[in-house]
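Before any comments, here is the structure.
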Amino acid sequence: MISDDVIKKVIKFRDDRDWRQFHNGKDLAISLNLEASELLEIFQWSGADLSVPEKIEAMKEELADIMMYTILFADRYNIDLNEALEKKLEKNNNKYPVSAAKGKKDKYTELKDVKK
């Protein structure tokens with residue numbers, strides 16, 4: 001999970017620059033999506049080499065940007081990220097029980113023995 005210390009540093013970085021005034025939900029969601037697209041761009045034209053190991057540093061940087069915008073979005077709407085992740089993980093555990101999903105890439109609606 002994201003440490004409280006890291007969250008505070010991201011918020012402080014924003015607040016020290018008085019940028020909260022520009023961080024509405026729409027623009028934060030757009031920025032988060034743009035950063036995710038930049039991560040995806042690393043894999044563009046990579047051909048058969050889907051891991052592109054020579055670009056790991058670029059991947060780390062894009063993931064950090066994604067996390068920063070995630071933190072800022074959560075702060076904007078007072079969302080506890082750890083709580084949100086725990087709830088989503090619980091929901092996914094119910095949708096994808098190990099007994100039905102292990103080793104399979106099927107969507108939960110296609111898995112056998114899953115309550116729908």
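Residue numbers start at 1 in each chain; chains themselves are named A, B, ... in the order of the structure tokens; ligands are numbered from 1 in the order shown.
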
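Residues in contact with A:Val98 at 12 Å, where only C-alpha atoms are counted and same-chain residues fewer than 3 positions away are skipped, are listed as Asn92, Asn93, Asn94, Lys95, Ala101, Lys102, Gly103, Lys104, Tyr108, Leu111, Lys112, Asp113 and Val114 of chain A.
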
Please produce an output containing C-alpha atoms for each residue in the selection, written as a PDB file, in the first residue's frame.
ATOM      1  CA  ASN A  92     -12.516  -9.241  -6.799  1.00  0.00           C
ATOM      2  CA  ASN A  93     -11.906 -12.191  -4.473  1.00  0.00           C
ATOM      3  CA  ASN A  94     -15.638 -12.886  -4.609  1.00  0.00           C
ATOM      4  CA  LYS A  95     -15.776 -12.484  -8.390  1.00  0.00           C
ATOM      5  CA  ALA A 101     -10.076 -18.612 -11.607  1.00  0.00           C
ATOM      6  CA  LYS A 102      -6.624 -20.033 -10.911  1.00  0.00           C
ATOM      7  CA  GLY A 103      -4.593 -20.181 -14.106  1.00  0.00           C
ATOM      8  CA  LYS A 104      -7.432 -18.739 -16.220  1.00  0.00           C
ATOM      9  CA  TYR A 108     -15.770 -13.701 -14.011  1.00  0.00           C
ATOM     10  CA  LEU A 111     -15.984 -18.793 -15.039  1.00  0.00           C
ATOM     11  CA  LYS A 112     -17.760 -21.885 -13.818  1.00  0.00           C
ATOM     12  CA  ASP A 113     -18.799 -22.177 -10.152  1.00  0.00           C
ATOM     13  CA  VAL A 114     -18.871 -18.419  -9.553  1.00  0.00           C
TER      14      VAL A 114
END

Within 8 Å of A:Leu63 using only C-alpha atoms, minus same-chain residues under 2 positions, as a PyMOL selection string: chain A and resi 35-36+39+59-61+65-67

Could you please take those selected residues and save N, CA and C atoms as a compact mmCIF listing (two decimals), in the first residue's frame?
# COMPACT_ATOMS: atom_id res chain seq x y z
N GLU A 35 -1.20 10.04 -18.31
CA GLU A 35 0.01 9.38 -17.79
C GLU A 35 -0.04 7.88 -18.03
N ALA A 36 -1.22 7.29 -17.89
CA ALA A 36 -1.36 5.86 -18.19
C ALA A 36 -1.08 5.60 -19.67
N LEU A 39 2.59 5.42 -20.23
CA LEU A 39 3.11 4.10 -19.88
C LEU A 39 2.86 3.13 -21.03
N MET A 59 9.38 3.19 -17.38
CA MET A 59 8.17 2.60 -16.78
C MET A 59 7.99 3.07 -15.34
N LYS A 60 9.07 3.07 -14.59
CA LYS A 60 9.01 3.52 -13.19
C LYS A 60 8.54 4.96 -13.11
N GLU A 61 9.07 5.79 -14.00
CA GLU A 61 8.71 7.21 -14.00
C GLU A 61 7.23 7.40 -14.32
N ASP A 65 4.16 8.89 -11.98
CA ASP A 65 3.21 9.94 -12.38
C ASP A 65 1.77 9.48 -12.18
N ILE A 66 1.49 8.24 -12.55
CA ILE A 66 0.14 7.68 -12.37
C ILE A 66 -0.23 7.68 -10.89
N MET A 67 0.70 7.25 -10.06
CA MET A 67 0.43 7.21 -8.61
C MET A 67 0.22 8.60 -8.04

Please identify the alpha helix (DSSP H) residues within chain A (assignment by DSSP from backbone atoms) and present them as a ChimeraX atom specification. /A:4-16,25-41,56-76,81-95,98-101

For the residues in the current selection, export C-alpha atoms as a PDB file, in the first residue's frame.
ATOM      1  CA  ASP A   4       1.070   7.929   4.581  1.00  0.00           C
ATOM      2  CA  ASP A   5       4.495   9.580   4.386  1.00  0.00           C
ATOM      3  CA  VAL A   6       4.556   9.342   0.580  1.00  0.00           C
ATOM      4  CA  ILE A   7       0.988  10.636   0.342  1.00  0.00           C
ATOM      5  CA  LYS A   8       1.893  13.617   2.528  1.00  0.00           C
ATOM      6  CA  LYS A   9       4.928  14.382   0.346  1.00  0.00           C
ATOM      7  CA  VAL A  10       2.802  14.399  -2.813  1.00  0.00           C
ATOM      8  CA  ILE A  11       0.197  16.659  -1.187  1.00  0.00           C
ATOM      9  CA  LYS A  12       2.928  18.962   0.157  1.00  0.00           C
ATOM     10  CA  PHE A  13       4.516  19.200  -3.287  1.00  0.00           C
ATOM     11  CA  ARG A  14       1.150  20.304  -4.690  1.00  0.00           C
ATOM     12  CA  ASP A  15       0.351  22.658  -1.823  1.00  0.00           C
ATOM     13  CA  ASP A  16       3.785  24.309  -1.812  1.00  0.00           C
ATOM     14  CA  GLY A  25     -11.851  16.023 -10.681  1.00  0.00           C
ATOM     15  CA  LYS A  26     -12.163  16.212 -14.456  1.00  0.00           C
ATOM     16  CA  ASP A  27      -8.647  17.525 -15.024  1.00  0.00           C
ATOM     17  CA  LEU A  28      -7.129  15.083 -12.550  1.00  0.00           C
ATOM     18  CA  ALA A  29      -8.920  12.160 -14.242  1.00  0.00           C
ATOM     19  CA  ILE A  30      -7.692  13.377 -17.639  1.00  0.00           C
ATOM     20  CA  SER A  31      -4.140  13.744 -16.332  1.00  0.00           C
ATOM     21  CA  LEU A  32      -4.231  10.276 -14.796  1.00  0.00           C
ATOM     22  CA  ASN A  33      -5.385   8.831 -18.115  1.00  0.00           C
ATOM     23  CA  LEU A  34      -2.719  10.725 -20.069  1.00  0.00           C
ATOM     24  CA  GLU A  35       0.009   9.384 -17.785  1.00  0.00           C
ATOM     25  CA  ALA A  36      -1.363   5.859 -18.187  1.00  0.00           C
ATOM     26  CA  SER A  37      -1.205   6.395 -21.955  1.00  0.00           C
ATOM     27  CA  GLU A  38       2.441   7.412 -21.627  1.00  0.00           C
ATOM     28  CA  LEU A  39       3.106   4.096 -19.877  1.00  0.00           C
ATOM     29  CA  LEU A  40       1.346   2.311 -22.721  1.00  0.00           C
ATOM     30  CA  GLU A  41       3.412   4.247 -25.261  1.00  0.00           C
ATOM     31  CA  ILE A  56      12.276  -0.088 -17.074  1.00  0.00           C
ATOM     32  CA  GLU A  57      13.342   3.350 -15.818  1.00  0.00           C
ATOM     33  CA  ALA A  58      10.794   5.031 -18.086  1.00  0.00           C
ATOM     34  CA  MET A  59       8.174   2.598 -16.782  1.00  0.00           C
ATOM     35  CA  LYS A  60       9.008   3.517 -13.191  1.00  0.00           C
ATOM     36  CA  GLU A  61       8.714   7.207 -13.997  1.00  0.00           C
ATOM     37  CA  GLU A  62       5.321   6.802 -15.679  1.00  0.00           C
ATOM     38  CA  LEU A  63       4.046   4.624 -12.825  1.00  0.00           C
ATOM     39  CA  ALA A  64       5.142   7.315 -10.381  1.00  0.00           C
ATOM     40  CA  ASP A  65       3.213   9.939 -12.381  1.00  0.00           C
ATOM     41  CA  ILE A  66       0.144   7.680 -12.371  1.00  0.00           C
ATOM     42  CA  MET A  67       0.427   7.206  -8.613  1.00  0.00           C
ATOM     43  CA  MET A  68       0.841  10.930  -7.996  1.00  0.00           C
ATOM     44  CA  TYR A  69      -2.310  11.745  -9.938  1.00  0.00           C
ATOM     45  CA  THR A  70      -4.106   8.893  -8.195  1.00  0.00           C
ATOM     46  CA  ILE A  71      -3.140  10.361  -4.811  1.00  0.00           C
ATOM     47  CA  LEU A  72      -4.213  13.848  -5.882  1.00  0.00           C
ATOM     48  CA  PHE A  73      -7.534  12.548  -7.226  1.00  0.00           C
ATOM     49  CA  ALA A  74      -8.166  10.634  -4.013  1.00  0.00           C
ATOM     50  CA  ASP A  75      -7.304  13.715  -1.965  1.00  0.00           C
ATOM     51  CA  ARG A  76      -9.722  15.820  -4.009  1.00  0.00           C
ATOM     52  CA  LEU A  81      -6.795   4.669  -1.064  1.00  0.00           C
ATOM     53  CA  ASN A  82      -5.957   1.805   1.270  1.00  0.00           C
ATOM     54  CA  GLU A  83      -9.627   1.358   2.149  1.00  0.00           C
ATOM     55  CA  ALA A  84     -10.662   1.579  -1.515  1.00  0.00           C
ATOM     56  CA  LEU A  85      -8.051  -1.025  -2.485  1.00  0.00           C
ATOM     57  CA  GLU A  86      -9.090  -3.360   0.335  1.00  0.00           C
ATOM     58  CA  LYS A  87     -12.774  -3.136  -0.686  1.00  0.00           C
ATOM     59  CA  LYS A  88     -11.968  -3.712  -4.357  1.00  0.00           C
ATOM     60  CA  LEU A  89      -9.728  -6.658  -3.525  1.00  0.00           C
ATOM     61  CA  GLU A  90     -12.532  -8.202  -1.451  1.00  0.00           C
ATOM     62  CA  LYS A  91     -14.967  -7.684  -4.329  1.00  0.00           C
ATOM     63  CA  ASN A  92     -12.516  -9.241  -6.799  1.00  0.00           C
ATOM     64  CA  ASN A  93     -11.906 -12.191  -4.473  1.00  0.00           C
ATOM     65  CA  ASN A  94     -15.638 -12.886  -4.609  1.00  0.00           C
ATOM     66  CA  LYS A  95     -15.776 -12.484  -8.390  1.00  0.00           C
ATOM     67  CA  VAL A  98      -9.137 -19.241  -6.584  1.00  0.00           C
ATOM     68  CA  SER A  99     -11.072 -22.475  -7.107  1.00  0.00           C
ATOM     69  CA  ALA A 100     -12.623 -21.123 -10.316  1.00  0.00           C
ATOM     70  CA  ALA A 101     -10.076 -18.612 -11.607  1.00  0.00           C
TER      71      ALA A 101
END

Atom CA of A:Lys105 to atom CA of A:Leu50, distance in Å rounded to a single decimal: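 That distance, rounded to one decimal, is 17.9 Å.
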
One decimal, Å: what's the distance from atom CA of A:Lys55 over to atom CA of A:Phe43, could you say?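 So the answer is 9.0 Å.
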
Do you have the atom CA of A:Asp106-atom CA of A:Ser51 distance handy?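 Those two atoms sit 22.4 Å apart.
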